[in-house]
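*Asks:* My structure file target-v3.csv, CSV, C-alpha atoms and all ligand atoms, is below:
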```csv
chain,number,residue,atom,x,y,z
H,1,MET,CA,3.6,-10.8,-27.3
H,2,THR,CA,0.2,-9.2,-27.6
H,3,THR,CA,-3.2,-10.6,-26.9
H,4,ASP,CA,-5.9,-10.7,-29.6
H,5,VAL,CA,-8.9,-9.1,-27.9
H,6,THR,CA,-11.2,-11.1,-30.1
H,7,ASP,CA,-10.0,-14.2,-28.2
H,8,ILE,CA,-11.1,-12.9,-24.8
H,9,ALA,CA,-13.3,-15.5,-23.0
H,10,VAL,CA,-16.9,-14.4,-22.3
H,11,GLY,CA,-17.0,-13.3,-18.6
H,12,ALA,CA,-13.3,-12.7,-18.3
H,13,ILE,CA,-12.4,-9.5,-16.5
H,14,ARG,CA,-10.8,-7.0,-18.8
H,15,SER,CA,-8.2,-4.7,-17.4
H,16,GLY,CA,-6.4,-1.5,-18.3
H,17,LEU,CA,-3.2,-0.2,-16.9
H,18,LEU,CA,-2.2,3.5,-16.4
H,19,GLY,CA,1.6,3.7,-16.1
H,20,SER,CA,4.4,1.2,-17.1
H,21,GLY,CA,6.9,1.5,-14.3
H,22,PHE,CA,7.7,-0.7,-11.3
H,23,MET,CA,4.1,-1.0,-10.0
H,24,ALA,CA,2.5,-1.4,-13.4
H,25,ARG,CA,4.7,-4.5,-13.8
H,26,VAL,CA,3.6,-5.9,-10.4
H,27,HIS,CA,-0.1,-5.1,-11.2
H,28,SER,CA,0.0,-6.6,-14.7
H,29,SER,CA,1.5,-9.8,-13.4
H,30,ALA,CA,-1.0,-10.1,-10.6
H,31,ALA,CA,-3.9,-9.3,-12.9
H,32,ARG,CA,-2.9,-12.0,-15.3
H,33,THR,CA,-2.5,-14.5,-12.4
H,34,ALA,CA,-6.0,-13.6,-11.3
H,35,GLY,CA,-7.3,-14.5,-14.8
H,36,ALA,CA,-7.8,-11.1,-16.2
H,37,VAL,CA,-7.1,-10.1,-19.7
H,38,LEU,CA,-4.9,-7.0,-20.1
H,39,VAL,CA,-6.7,-5.0,-22.8
H,40,GLY,CA,-5.0,-1.6,-22.8
H,41,VAL,CA,-2.1,0.4,-21.4
H,42,ALA,CA,-1.4,4.2,-21.4
H,43,THR,CA,1.6,6.0,-20.1
H,44,SER,CA,3.0,9.5,-20.3
H,45,SER,CA,3.5,9.2,-24.1
H,46,PRO,CA,2.2,7.1,-27.0
H,47,ASP,CA,5.7,5.7,-27.7
H,48,ARG,CA,6.2,4.6,-24.1
H,49,ALA,CA,2.7,3.0,-24.3
H,50,GLU,CA,3.7,1.0,-27.4
H,51,ALA,CA,6.9,-0.2,-25.7
H,52,ALA,CA,4.9,-1.0,-22.5
H,53,ALA,CA,2.2,-3.0,-24.4
H,54,ALA,CA,5.0,-5.2,-25.9
H,55,ALA,CA,6.9,-5.6,-22.6
H,56,LEU,CA,3.9,-6.3,-20.5
H,57,GLY,CA,1.9,-8.4,-23.0
H,58,VAL,CA,-1.0,-5.9,-23.2
H,59,ALA,CA,-3.2,-6.1,-26.3
H,60,ARG,CA,-3.4,-2.4,-27.1
H,61,ALA,CA,-1.4,0.7,-26.5
H,62,GLU,CA,-3.7,3.7,-25.9
H,63,VAL,CA,-2.5,7.2,-26.8
H,64,ASP,CA,-3.2,8.6,-23.3
H,65,ALA,CA,-5.2,8.0,-20.1
H,66,ALA,CA,-8.4,9.6,-21.5
H,67,ALA,CA,-8.4,7.2,-24.5
H,68,LEU,CA,-8.0,4.2,-22.1
H,69,LEU,CA,-10.8,5.4,-19.8
H,70,ALA,CA,-13.1,5.9,-22.8
H,71,ALA,CA,-12.6,2.3,-24.0
H,72,SER,CA,-15.8,0.3,-23.6
H,73,ASP,CA,-14.0,-3.0,-23.4
H,74,ILE,CA,-12.2,-2.3,-20.1
H,75,ASP,CA,-13.9,-3.1,-16.8
H,76,VAL,CA,-11.1,-2.4,-14.3
H,77,VAL,CA,-8.5,0.3,-14.4
H,78,HIS,CA,-5.2,0.0,-12.5
H,79,ILE,CA,-3.7,3.5,-11.7
H,80,CYS,CA,0.1,3.1,-11.4
H,81,THR,CA,1.2,6.7,-12.1
H,82,PRO,CA,2.9,9.4,-10.0
H,83,ASN,CA,1.0,10.4,-6.8
H,84,ALA,CA,-0.2,13.8,-7.9
H,85,THR,CA,-2.1,12.3,-10.9
H,86,HIS,CA,-4.0,9.8,-8.9
H,87,ALA,CA,-7.0,11.8,-7.8
H,88,ALA,CA,-8.0,13.2,-11.2
H,89,LEU,CA,-7.4,9.9,-13.0
H,90,ALA,CA,-9.4,7.9,-10.4
H,91,LEU,CA,-12.3,10.4,-10.6
H,92,ALA,CA,-12.3,10.2,-14.4
H,93,ALA,CA,-12.2,6.4,-14.2
H,94,LEU,CA,-15.2,6.3,-11.7
H,95,ARG,CA,-17.1,8.7,-14.0
H,96,ALA,CA,-16.4,6.3,-16.9
H,97,GLY,CA,-18.0,3.5,-14.8
H,98,LYS,CA,-14.9,1.6,-14.2
H,99,HIS,CA,-13.8,-0.4,-11.1
H,100,VAL,CA,-10.7,1.2,-9.9
H,101,VAL,CA,-7.5,0.0,-8.3
H,102,CYS,CA,-5.5,3.2,-7.4
H,103,GLU,CA,-2.0,3.1,-6.0
H,104,LYS,CA,-1.3,4.9,-2.8
H,105,PRO,CA,-1.5,7.7,-1.9
H,106,LEU,CA,-5.0,7.7,-3.2
H,107,ALA,CA,-4.8,11.5,-3.3
H,108,THR,CA,-2.3,14.1,-2.0
H,109,ASP,CA,-4.9,15.8,0.2
H,110,VAL,CA,-7.9,14.9,2.3
H,111,ALA,CA,-10.5,16.7,0.3
H,112,ASP,CA,-9.6,14.9,-2.9
H,113,ALA,CA,-9.6,11.5,-1.2
H,114,ARG,CA,-13.0,12.2,0.4
H,115,ALA,CA,-14.4,13.2,-3.0
H,116,LEU,CA,-13.2,9.9,-4.4
H,117,VAL,CA,-14.9,7.9,-1.6
H,118,GLU,CA,-18.1,9.7,-2.3
H,119,ALA,CA,-18.0,9.4,-6.0
H,120,ALA,CA,-17.3,5.6,-5.7
H,121,ALA,CA,-20.2,5.2,-3.3
H,122,GLU,CA,-22.6,6.9,-5.8
H,123,ARG,CA,-21.5,4.5,-8.6
H,124,GLY,CA,-21.4,1.3,-6.6
H,125,VAL,CA,-18.2,0.1,-8.2
H,126,VAL,CA,-15.3,-1.8,-6.6
H,127,THR,CA,-12.4,0.4,-5.4
H,128,ALA,CA,-9.1,-0.7,-4.0
H,129,VAL,CA,-5.8,0.8,-2.8
H,130,PRO,CA,-2.9,-1.6,-2.6
H,131,PHE,CA,-2.1,-1.6,1.1
H,132,VAL,CA,-0.6,-4.9,0.0
H,133,TYR,CA,1.2,-5.9,3.2
H,134,ARG,CA,-2.2,-6.9,4.6
H,135,TYR,CA,-1.9,-9.8,2.2
H,136,HIS,CA,1.1,-11.5,3.8
H,137,PRO,CA,-0.4,-14.6,5.4
H,138,MET,CA,1.5,-14.0,8.7
H,139,VAL,CA,0.0,-10.6,9.0
H,140,ARG,CA,-3.5,-12.2,8.8
H,141,GLU,CA,-2.2,-14.7,11.4
H,142,ALA,CA,-1.2,-11.8,13.7
H,143,ARG,CA,-4.6,-10.1,13.1
H,144,ALA,CA,-6.4,-13.3,14.0
H,145,ARG,CA,-4.5,-13.6,17.3
H,146,VAL,CA,-5.4,-10.1,18.3
H,147,ALA,CA,-9.0,-10.6,17.3
H,148,GLY,CA,-9.1,-14.0,19.1
H,149,GLY,CA,-7.9,-12.5,22.4
H,150,GLU,CA,-4.5,-14.4,22.5
H,151,VAL,CA,-2.6,-11.1,22.7
H,152,GLY,CA,-4.8,-9.7,25.5
H,153,THR,CA,-5.2,-6.0,26.0
H,154,LEU,CA,-3.0,-4.0,23.6
H,155,LEU,CA,-0.4,-2.1,25.6
H,156,SER,CA,2.1,-0.7,23.2
H,157,ILE,CA,3.3,-0.6,19.6
H,158,ASP,CA,6.9,-0.5,18.3
H,159,ALA,CA,6.9,-0.1,14.5
H,160,ALA,CA,9.1,1.2,11.7
H,161,TYR,CA,9.4,1.3,8.0
H,162,LEU,CA,13.0,2.0,6.9
H,163,GLN,CA,14.6,2.2,3.4
H,164,ASP,CA,17.8,3.7,2.1
H,165,TRP,CA,17.2,4.5,-1.6
H,166,MET,CA,17.1,8.3,-0.9
H,167,LEU,CA,20.3,8.3,1.2
H,168,LEU,CA,22.6,10.3,-1.0
H,169,PRO,CA,22.3,13.9,-2.3
H,170,GLY,CA,22.3,12.5,-5.9
H,171,ASP,CA,19.4,10.2,-5.2
H,172,GLU,CA,16.6,11.8,-7.2
H,173,ASN,CA,13.0,10.8,-7.9
H,174,TRP,CA,9.7,12.5,-8.8
H,175,ARG,CA,8.5,11.7,-5.3
H,176,ALA,CA,10.9,14.3,-3.8
H,177,ASP,CA,9.1,17.1,-5.7
H,178,ALA,CA,5.8,18.0,-3.9
H,179,ALA,CA,4.3,18.9,-7.3
H,180,ALA,CA,4.5,15.3,-8.4
H,181,GLY,CA,4.9,13.4,-5.1
H,182,GLY,CA,2.7,15.4,-2.8
H,183,PRO,CA,3.4,17.5,0.3
H,184,SER,CA,4.5,14.4,2.2
H,185,ARG,CA,7.0,11.9,0.8
H,186,ALA,CA,8.4,9.4,3.3
H,187,PHE,CA,5.2,9.3,5.4
H,188,ALA,CA,2.7,9.3,2.5
H,189,ASP,CA,4.8,6.8,0.5
H,190,ILE,CA,5.6,4.2,3.2
H,191,GLY,CA,4.4,5.5,6.5
H,192,SER,CA,0.9,5.1,5.1
H,193,HIS,CA,1.6,1.4,4.7
H,194,LEU,CA,2.8,1.2,8.2
H,195,CYS,CA,-0.2,2.9,9.8
H,196,ASP,CA,-2.5,0.9,7.7
H,197,LEU,CA,-0.9,-2.3,9.0
H,198,VAL,CA,-0.9,-1.1,12.6
H,199,GLU,CA,-4.7,-0.3,12.4
H,200,PHE,CA,-5.5,-3.5,10.4
H,201,VAL,CA,-3.7,-5.9,12.8
H,202,ALA,CA,-4.6,-4.1,16.0
H,203,GLY,CA,-8.2,-3.7,15.0
H,204,GLU,CA,-8.4,-0.2,16.3
H,205,ARG,CA,-7.4,3.3,15.1
H,206,ILE,CA,-4.7,5.7,16.0
H,207,ALA,CA,-6.6,8.4,17.9
H,208,ARG,CA,-3.9,11.0,18.3
H,209,LEU,CA,-0.3,11.5,17.3
H,210,THR,CA,2.6,13.9,17.5
H,211,ALA,CA,5.2,13.9,14.7
H,212,ARG,CA,8.5,15.4,13.8
H,213,THR,CA,9.8,15.3,10.2
H,214,ARG,CA,13.2,15.9,8.7
H,215,ARG,CA,14.3,17.0,5.3
H,216,VAL,CA,18.0,16.2,5.0
H,217,PHE,CA,18.9,17.8,1.7
H,218,GLU,CA,17.3,20.9,0.2
H,219,ARG,CA,18.3,19.8,-3.3
H,220,ARG,CA,18.7,16.5,-5.0
H,221,GLY,CA,20.5,16.6,-8.3
H,222,ASP,CA,19.0,19.5,-10.2
H,223,GLY,CA,15.8,19.7,-8.3
H,224,ALA,CA,14.6,21.3,-5.0
H,225,VAL,CA,13.4,18.9,-2.4
H,226,THR,CA,9.9,19.9,-1.1
H,227,ASN,CA,8.9,17.1,1.2
H,228,GLU,CA,10.3,15.1,4.1
H,229,ASP,CA,12.9,12.2,4.1
H,230,ILE,CA,12.1,11.0,7.7
H,231,ALA,CA,9.1,11.1,10.0
H,232,ALA,CA,9.1,10.0,13.7
H,233,LEU,CA,5.7,9.6,15.4
H,234,LEU,CA,4.4,9.1,18.9
H,235,VAL,CA,0.9,7.6,18.8
H,236,GLU,CA,-2.0,6.7,21.1
H,237,THR,CA,-4.7,4.3,20.0
H,238,GLU,CA,-8.4,4.4,20.8
H,239,SER,CA,-8.0,1.9,23.6
H,240,GLY,CA,-5.0,3.8,25.1
H,241,ALA,CA,-2.1,1.8,23.7
H,242,VAL,CA,0.9,4.0,23.1
H,243,GLY,CA,3.5,3.5,20.3
H,244,THR,CA,6.4,4.8,18.4
H,245,LEU,CA,6.7,4.7,14.6
H,246,LEU,CA,9.8,5.6,12.7
H,247,VAL,CA,9.6,6.1,8.9
H,248,SER,CA,12.8,6.9,6.9
H,249,GLN,CA,14.0,6.6,3.3
H,250,MET,CA,17.6,7.4,4.5
H,251,ALA,CA,18.4,4.5,6.8
H,252,PRO,CA,21.6,3.0,5.4
H,253,GLY,CA,21.4,-0.7,4.7
H,254,ARG,CA,17.6,-0.9,5.2
H,255,LYS,CA,15.8,-1.7,1.9
H,256,ASN,CA,12.2,-2.4,2.7
H,257,ALA,CA,12.3,-3.0,6.4
H,258,LEU,CA,8.7,-2.7,7.5
H,259,VAL,CA,8.5,-4.1,11.1
H,260,LEU,CA,5.4,-4.2,13.3
H,261,GLU,CA,5.6,-5.3,17.0
H,262,LEU,CA,2.6,-5.3,19.2
H,263,HIS,CA,2.7,-5.9,23.0
H,264,GLY,CA,-0.4,-7.1,24.7
H,265,SER,CA,-1.2,-8.0,28.3
H,266,SER,CA,-0.7,-11.8,27.4
H,267,GLU,CA,1.7,-11.9,24.4
H,268,SER,CA,3.7,-9.9,21.9
H,269,LEU,CA,3.7,-10.3,18.2
H,270,ARG,CA,6.4,-9.3,15.7
H,271,PHE,CA,6.1,-9.3,11.9
H,272,GLU,CA,9.1,-8.3,9.6
H,273,GLN,CA,8.1,-7.7,6.0
H,274,GLU,CA,11.6,-8.9,4.8
H,275,ARG,CA,11.0,-12.3,6.6
H,276,PRO,CA,7.3,-12.8,5.7
H,277,GLU,CA,7.2,-16.5,6.4
H,278,GLU,CA,7.6,-15.9,10.1
H,279,LEU,CA,5.6,-14.4,13.0
H,280,TRP,CA,7.5,-14.0,16.3
H,281,ILE,CA,5.3,-14.7,19.4
H,282,GLY,CA,6.6,-13.9,22.8
H,283,ASP,CA,5.2,-14.3,26.4
H,284,ARG,CA,6.7,-14.5,29.9
H,285,ALA,CA,7.4,-18.2,29.6
H,286,GLY,CA,9.4,-17.8,26.4
H,287,SER,CA,9.1,-17.0,22.7
H,288,ARG,CA,8.8,-18.9,19.5
H,289,LEU,CA,8.8,-18.4,15.7
H,290,LEU,CA,5.5,-19.4,14.1
H,291,LEU,CA,6.3,-20.5,10.5
H,292,ARG,CA,3.7,-20.1,7.7
H,293,ASP,CA,1.8,-23.4,7.3
H,294,PRO,CA,-1.7,-23.6,5.7
H,295,ALA,CA,-2.4,-26.8,7.6
H,296,THR,CA,-2.4,-25.0,11.0
H,297,ALA,CA,-3.1,-21.4,9.9
H,298,ALA,CA,-6.1,-19.2,10.9
H,299,PRO,CA,-8.7,-19.5,8.0
H,300,ASP,CA,-8.1,-15.9,6.8
H,301,SER,CA,-4.4,-16.6,6.6
H,302,ALA,CA,-4.8,-20.1,5.1
H,303,ARG,CA,-6.9,-18.7,2.2
H,304,LEU,CA,-4.0,-16.5,1.1
H,305,GLN,CA,-1.4,-19.2,1.2
H,306,ARG,CA,-0.7,-20.0,-2.5
H,307,VAL,CA,2.0,-22.7,-1.9
H,308,PRO,CA,2.6,-25.3,0.8
H,309,ALA,CA,4.7,-24.7,3.9
H,310,GLY,CA,8.4,-24.4,3.3
H,311,HIS,CA,7.9,-22.9,-0.2
H,312,PRO,CA,8.6,-19.2,0.6
H,313,MET,CA,6.0,-16.6,-0.4
H,314,GLY,CA,7.0,-13.0,-1.0
H,315,TYR,CA,5.9,-9.5,-2.1
H,316,GLN,CA,4.5,-10.5,-5.5
H,317,ASP,CA,2.6,-13.4,-3.9
H,318,ALA,CA,1.0,-10.9,-1.5
H,319,PHE,CA,0.2,-8.7,-4.4
H,320,ASP,CA,-1.3,-11.6,-6.3
H,321,GLY,CA,-3.6,-12.3,-3.3
H,322,PHE,CA,-4.6,-8.6,-3.2
H,323,ILE,CA,-5.6,-8.5,-6.9
H,324,ALA,CA,-7.3,-11.8,-6.6
H,325,ASP,CA,-9.5,-10.3,-3.9
H,326,VAL,CA,-10.2,-7.2,-6.0
H,327,TYR,CA,-11.4,-9.3,-8.9
H,328,ALA,CA,-13.4,-11.5,-6.6
H,329,ALA,CA,-15.1,-8.3,-5.4
H,330,VAL,CA,-15.8,-7.3,-9.0
H,331,ALA,CA,-17.4,-10.7,-9.4
H,332,GLY,CA,-19.7,-9.9,-6.5
H,333,GLU,CA,-17.8,-11.4,-3.5
H,334,THR,CA,-16.9,-9.5,-0.3
H,335,PRO,CA,-13.4,-10.6,0.6
H,336,ASP,CA,-12.2,-10.0,4.1
H,337,GLY,CA,-9.7,-7.2,4.6
H,338,LEU,CA,-9.7,-5.7,1.1
H,339,PRO,CA,-8.3,-2.2,1.3
H,340,THR,CA,-10.7,0.2,-0.4
H,341,PHE,CA,-10.8,3.9,-1.2
H,342,ALA,CA,-12.0,4.4,2.4
H,343,ASP,CA,-8.7,3.1,3.6
H,344,GLY,CA,-7.0,5.5,1.1
H,345,LEU,CA,-8.9,8.3,2.7
H,346,ARG,CA,-7.8,7.1,6.1
H,347,ALA,CA,-4.2,7.3,5.0
H,348,ALA,CA,-4.7,10.9,3.7
H,349,VAL,CA,-6.2,11.9,7.0
H,350,LEU,CA,-3.2,10.5,8.9
H,351,THR,CA,-0.8,12.1,6.5
H,352,ALA,CA,-2.5,15.5,7.0
H,353,ALA,CA,-2.3,15.0,10.8
H,354,VAL,CA,1.5,14.2,10.6
H,355,LEU,CA,2.2,17.3,8.5
H,356,GLU,CA,0.1,19.5,10.8
H,357,SER,CA,1.8,18.1,13.9
H,358,ALA,CA,5.2,18.5,12.4
H,359,GLU,CA,4.4,22.1,11.6
H,360,SER,CA,2.8,23.0,14.9
H,361,ARG,CA,5.0,20.7,17.1
H,362,SER,CA,1.9,19.6,18.9
H,363,TRP,CA,-0.4,16.6,19.5
H,364,ILE,CA,-3.2,16.2,16.9
H,365,GLU,CA,-6.5,14.4,17.4
H,366,VAL,CA,-6.8,12.3,14.3
H,367,PRO,CA,-10.4,12.6,12.9
H,368,ALA,CA,-12.1,9.2,12.9
H,401,LIG,N1,1.6,-0.5,-3.1
H,401,LIG,C1,2.9,-0.6,-3.1
H,401,LIG,O1,3.4,-1.5,-2.5
H,401,LIG,C2,3.7,0.4,-3.9
H,401,LIG,C3,5.0,0.2,-4.1
H,401,LIG,C4,5.7,1.1,-4.9
H,401,LIG,C5,5.1,2.2,-5.5
H,401,LIG,N2,3.7,2.4,-5.3
H,401,LIG,C6,3.0,3.5,-5.9
H,401,LIG,O2,2.8,3.2,-7.3
H,401,LIG,C7,2.8,4.5,-8.0
H,401,LIG,C8,3.8,4.3,-9.2
H,401,LIG,O3,5.1,4.1,-8.6
H,401,LIG,P1,6.2,3.4,-9.5
H,401,LIG,O4,7.3,3.1,-8.6
H,401,LIG,O5,5.7,2.4,-10.4
H,401,LIG,O6,6.6,4.7,-10.4
H,401,LIG,P2,7.4,4.8,-11.8
H,401,LIG,O7,8.1,6.1,-11.8
H,401,LIG,O8,8.3,3.5,-11.9
H,401,LIG,O9,6.3,4.7,-12.9
H,401,LIG,C9,5.4,5.7,-13.1
H,401,LIG,C10,4.7,5.5,-14.5
H,401,LIG,O10,3.6,6.4,-14.7
H,401,LIG,C11,3.6,6.9,-16.0
H,401,LIG,N3,2.9,8.1,-16.1
H,401,LIG,C12,3.2,9.3,-15.6
H,401,LIG,N4,2.2,10.2,-15.8
H,401,LIG,C13,1.2,9.6,-16.5
H,401,LIG,C14,-0.1,9.9,-16.9
H,401,LIG,N5,-0.6,11.1,-16.8
H,401,LIG,N6,-0.9,8.9,-17.5
H,401,LIG,C15,-0.4,7.7,-17.7
H,401,LIG,N7,0.8,7.3,-17.3
H,401,LIG,C16,1.6,8.2,-16.6
H,401,LIG,C17,5.1,7.0,-16.4
H,401,LIG,O11,5.2,6.9,-17.8
H,401,LIG,C18,5.6,5.7,-15.7
H,401,LIG,O12,5.4,4.6,-16.5
H,401,LIG,C19,3.2,5.6,-7.0
H,401,LIG,O13,2.0,6.3,-6.7
H,401,LIG,C20,3.7,4.8,-5.8
H,401,LIG,O14,3.4,5.5,-4.5
H,401,LIG,C21,3.0,1.5,-4.5
```
Can I see the file as structure tokens?
*Replies:*
Amino acid sequence: MTTDVTDIAVGAIRSGLLGSGFMARVHSSAARTAGAVLVGVATSSPDRAEAAAAALGVARAEVDAAALLAASDIDVVHICTPNATHAALALAALRAGKHVVCEKPLATDVADARALVEAAAERGVVTAVPFVYRYHPMVREARARVAGGEVGTLLSIDAAYLQDWMLLPGDENWRADAAAGGPSRAFADIGSHLCDLVEFVAGERIARLTARTRRVFERRGDGAVTNEDIAALLVETESGAVGTLLVSQMAPGRKNALVLELHGSSESLRFEQERPEELWIGDRAGSRLLLRDPATAAPDSARLQRVPAGHPMGYQDAFDGFIADVYAAVAGETPDGLPTFADGLRAAVLTAAVLESAESRSWIEVPA
């Protein structure tokens, strides 16, 4: 089904998609839920764009990214392409005056990420990077408990992000080639989400880290592997909390196991992304599972709860909440906790620190 662009309501936000893979499907669904009109899509070829327009219900297939960015009837561009293309596409989109949602990693090095932050500030447009796990209501609940003092002084962090989709030597993907995926794979791909969540919930930054990385196979299928499969980090935060973070795309049986556990002087909190309806709260007297319920939630958690208690919310719901906030920002609001290009730059800085530490086998002070 295609949309007739002449039917677009006055004032509706008009969106364009770059890419038509997994994330383009997630973005297009969320954009439509937020009330946007999907005006154009471009992919790596005109034929694929035609197929994507039909599959995703987008009004127009564009011949390439340049054509989509030149379109005057597109306000917001969603960049859902391989990592190494992000920086150039995002810069071109900013120069074309678009609001930009760019998938992580925002750029594959710090200089490019910083240039994007500067270019966005000059133009005053809305920018966003989908650190989408911020949009699980129980993550906001955890953040509110830290900010409200229930957790006490942060002592330690136990966190991991584990997957198994790259377990076998025949498991291939463009991400394993640094030319398309960037010099870091596991950390930039999923460790960036984990660090973003640590800093978002804890309300403070990782000040220093030491990392070890591991590349298990030198080749996958026909291609050389030129980035890491696994990263293990020791971290220390600004306030002195210490923590361990394990990031792997070769952990058998683990599919999307992002787990964040914080230990404070009063209580501990544990959030598991695969059980997003729950927050485990522990103290000396016992422990309990807090279940998502808008009736009792912290305000910032309640506002993201799209269905009543007992009606499970998941990944797409979190993404819908994220995109709703992006479009609210485009409409002039300032939603709390929206991850912007500045957060994408932060992830690039942490990724560079991880790679530098793994190379030098030393502690690295992470630039603020
Ligand atoms: N935020 C999240 O939770 C999350 C989850 C998964 C992936 N991602 C990110 O999303 C991005 C895309 O991942 P994916 O899994 O959808 O990949 P994918 O391989 O499924 O899709 C990539 C798409 O990009 C298109 N493409 C390639 N070069 C292009 C170009 N120059 N112009 C236009 N289109 C082009 C391809 O045709 C394809 O449709 C990656 O950067 C990844 O890190 C984010």
*Asks:* Go through H:Pro169, H:Gly124, H:Gly182, H:Gly286 and flag the residue nearest ligand LIG 401 (chain H), using all atoms listed in the file for the distances.
*Replies:*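 Smallest distance to ligand LIG 401 (chain H) is found for H:Gly182.
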*Asks:* Would you pick out the contacts of H:Ala160 at 8 Å or less, using only C-alpha atoms, so that residues sharing its chain but fewer than 3 positions from it are not included, and give the list as a PyMOL selection string?
*Replies:* chain H and resi 194+245-247+257-260
*Asks:* Taking only C-alpha atoms and all ligand atoms into account, name the residue in H:Phe322, H:Phe200, H:Phe217, H:Phe271 that is nearest to ligand LIG 401 (chain H).
*Replies:*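 That would be H:Phe322, the residue with the smallest distance to ligand LIG 401 (chain H).
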*Asks:* With a distance cut-off of 9 Å and all atoms listed in the file, select the neighbouring residues of H:Val63, excluding the residue or stretch itself and same-chain residues fewer than 5 positions from it, and output the selection as an mmCIF file with C-alpha atoms, in the frame of the given file.
*Replies:*
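Final output, out.cif:
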```cif
data_model
loop_
_atom_site.group_PDB
_atom_site.id
_atom_site.type_symbol
_atom_site.label_atom_id
_atom_site.label_comp_id
_atom_site.auth_asym_id
_atom_site.auth_seq_id
_atom_site.Cartn_x
_atom_site.Cartn_y
_atom_site.Cartn_z
ATOM 1 C CA VAL H 41 -2.100 0.400 -21.400
ATOM 2 C CA ALA H 42 -1.400 4.200 -21.400
ATOM 3 C CA THR H 43 1.600 6.000 -20.100
ATOM 4 C CA SER H 44 3.000 9.500 -20.300
ATOM 5 C CA SER H 45 3.500 9.200 -24.100
ATOM 6 C CA PRO H 46 2.200 7.100 -27.000
ATOM 7 C CA ASP H 47 5.700 5.700 -27.700
ATOM 8 C CA ALA H 49 2.700 3.000 -24.300
ATOM 9 C CA GLU H 50 3.700 1.000 -27.400
ATOM 10 C CA LEU H 68 -8.000 4.200 -22.100
#
```
*Asks:* Could you list, as a list in words, every residue within 8 Å of H:Met166, counting all atoms listed in the file and ignoring same-chain residues fewer than 3 positions away?
*Replies:*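 Close residues of H:Met166: Gln163, Pro169, Asp171, Glu172, Asp229, Gln249 and Met250 of chain H.
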*Asks:* Neighbours of H:Ile157 within 7 Å (only C-alpha atoms; same-chain residues fewer than 5 positions away dropped), as number ranges by chain?
*Replies:* H: 242-244, 261-263
*Asks:* Just write the chosen residues, C-alpha atoms, as a short mmCIF file (atom, residue, chain, number, x, y, z; two decimals), in the coordinates of the input.
*Replies:*
```cif
data_model
loop_
_atom_site.label_atom_id
_atom_site.label_comp_id
_atom_site.auth_asym_id
_atom_site.auth_seq_id
_atom_site.Cartn_x
_atom_site.Cartn_y
_atom_site.Cartn_z
CA VAL H 242 0.90 4.00 23.10
CA GLY H 243 3.50 3.50 20.30
CA THR H 244 6.40 4.80 18.40
CA GLU H 261 5.60 -5.30 17.00
CA LEU H 262 2.60 -5.30 19.20
CA HIS H 263 2.70 -5.90 23.00
#
```
*Asks:* Taking only C-alpha atoms and all ligand atoms into account, report as a ChimeraX atom specification which residues have an atom no farther than 9 Å from an atom of ligand LIG 401 (chain H).
*Replies:* /H:17-26,41-45,48-49,52,64-66,79-86,89,102-106,129-133,173-175,181,188-190,193,315,319
*Asks:* Please, what distance in Å, to one decimal, runs between atom CA of H:Glu356 and atom CA of H:Arg212?
*Replies:* 9.8 Å
*Asks:* One decimal, in Å: what's the spacing between atom CA of H:Val146 and atom CA of H:Leu291?
*Replies:*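 We find that atom CA of H:Val146 and atom CA of H:Leu291 lie 17.5 Å from each other.
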*Asks:* Can you tell me, as a list of chain:residue names, what residues are no more than 12 Å from H:Leu155 when counting all atoms listed in the file, ignoring any on the same chain fewer than 6 positions away?
*Replies:*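 In the requested format, the answer is H:Val146, H:Ala202, H:Val235, H:Glu236, H:Thr237, H:Glu238, H:Ser239, H:Gly240, H:Ala241, H:Val242, H:Gly243, H:Glu261, H:Leu262, H:His263, H:Gly264, H:Ser265, H:Ser266, H:Glu267, H:Ser268, H:Leu269.
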*Asks:* Using only C-alpha atoms, can you list as a PyMOL selection string the residues within 10 Å of (7.1, 18.4, -4.3)?
*Replies:* chain H and resi 84+174-185+223-228
*Asks:* Would you please work out which residue, of H:Arg219, H:Arg205, H:His136, H:Arg145, is nearest to H:Leu168 when using all atoms listed in the file?
*Replies:*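 The closest residue to H:Leu168 is H:Arg219.
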*Asks:* Which residue gives the smallest distance to H:Ala120 among H:Trp165, H:Tyr135, H:Phe341, H:Tyr327, with all atoms listed in the file counted?
*Replies:*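 Answer, going by the shortest atom-to-atom distance: H:Phe341.
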*Asks:* Measure the distance from atom CA of H:Glu274 to atom CA of H:Arg254 in Å and round it to one decimal.
*Replies:*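 Atom-to-atom, atom CA of H:Glu274 and atom CA of H:Arg254 are spaced 10.0 Å apart.
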*Asks:* Using only C-alpha atoms, find the one residue out of H:Leu338, H:Ile13, H:Ala111, H:Ala59 that sits nearest to H:Thr33.
*Replies:*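 Looking only at the distances to H:Thr33, the closest residue turns out to be H:Ile13.
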*Asks:* Compare H:Val58, H:Ser362, H:Glu118, H:Ala144 by their minimum atom-to-atom distance to H:Arg95, counting all atoms listed in the file, and give me the closest one.
*Replies:*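 Of H:Val58, H:Ser362, H:Glu118, H:Ala144, the one nearest H:Arg95, counting all atoms listed in the file, is H:Glu118.
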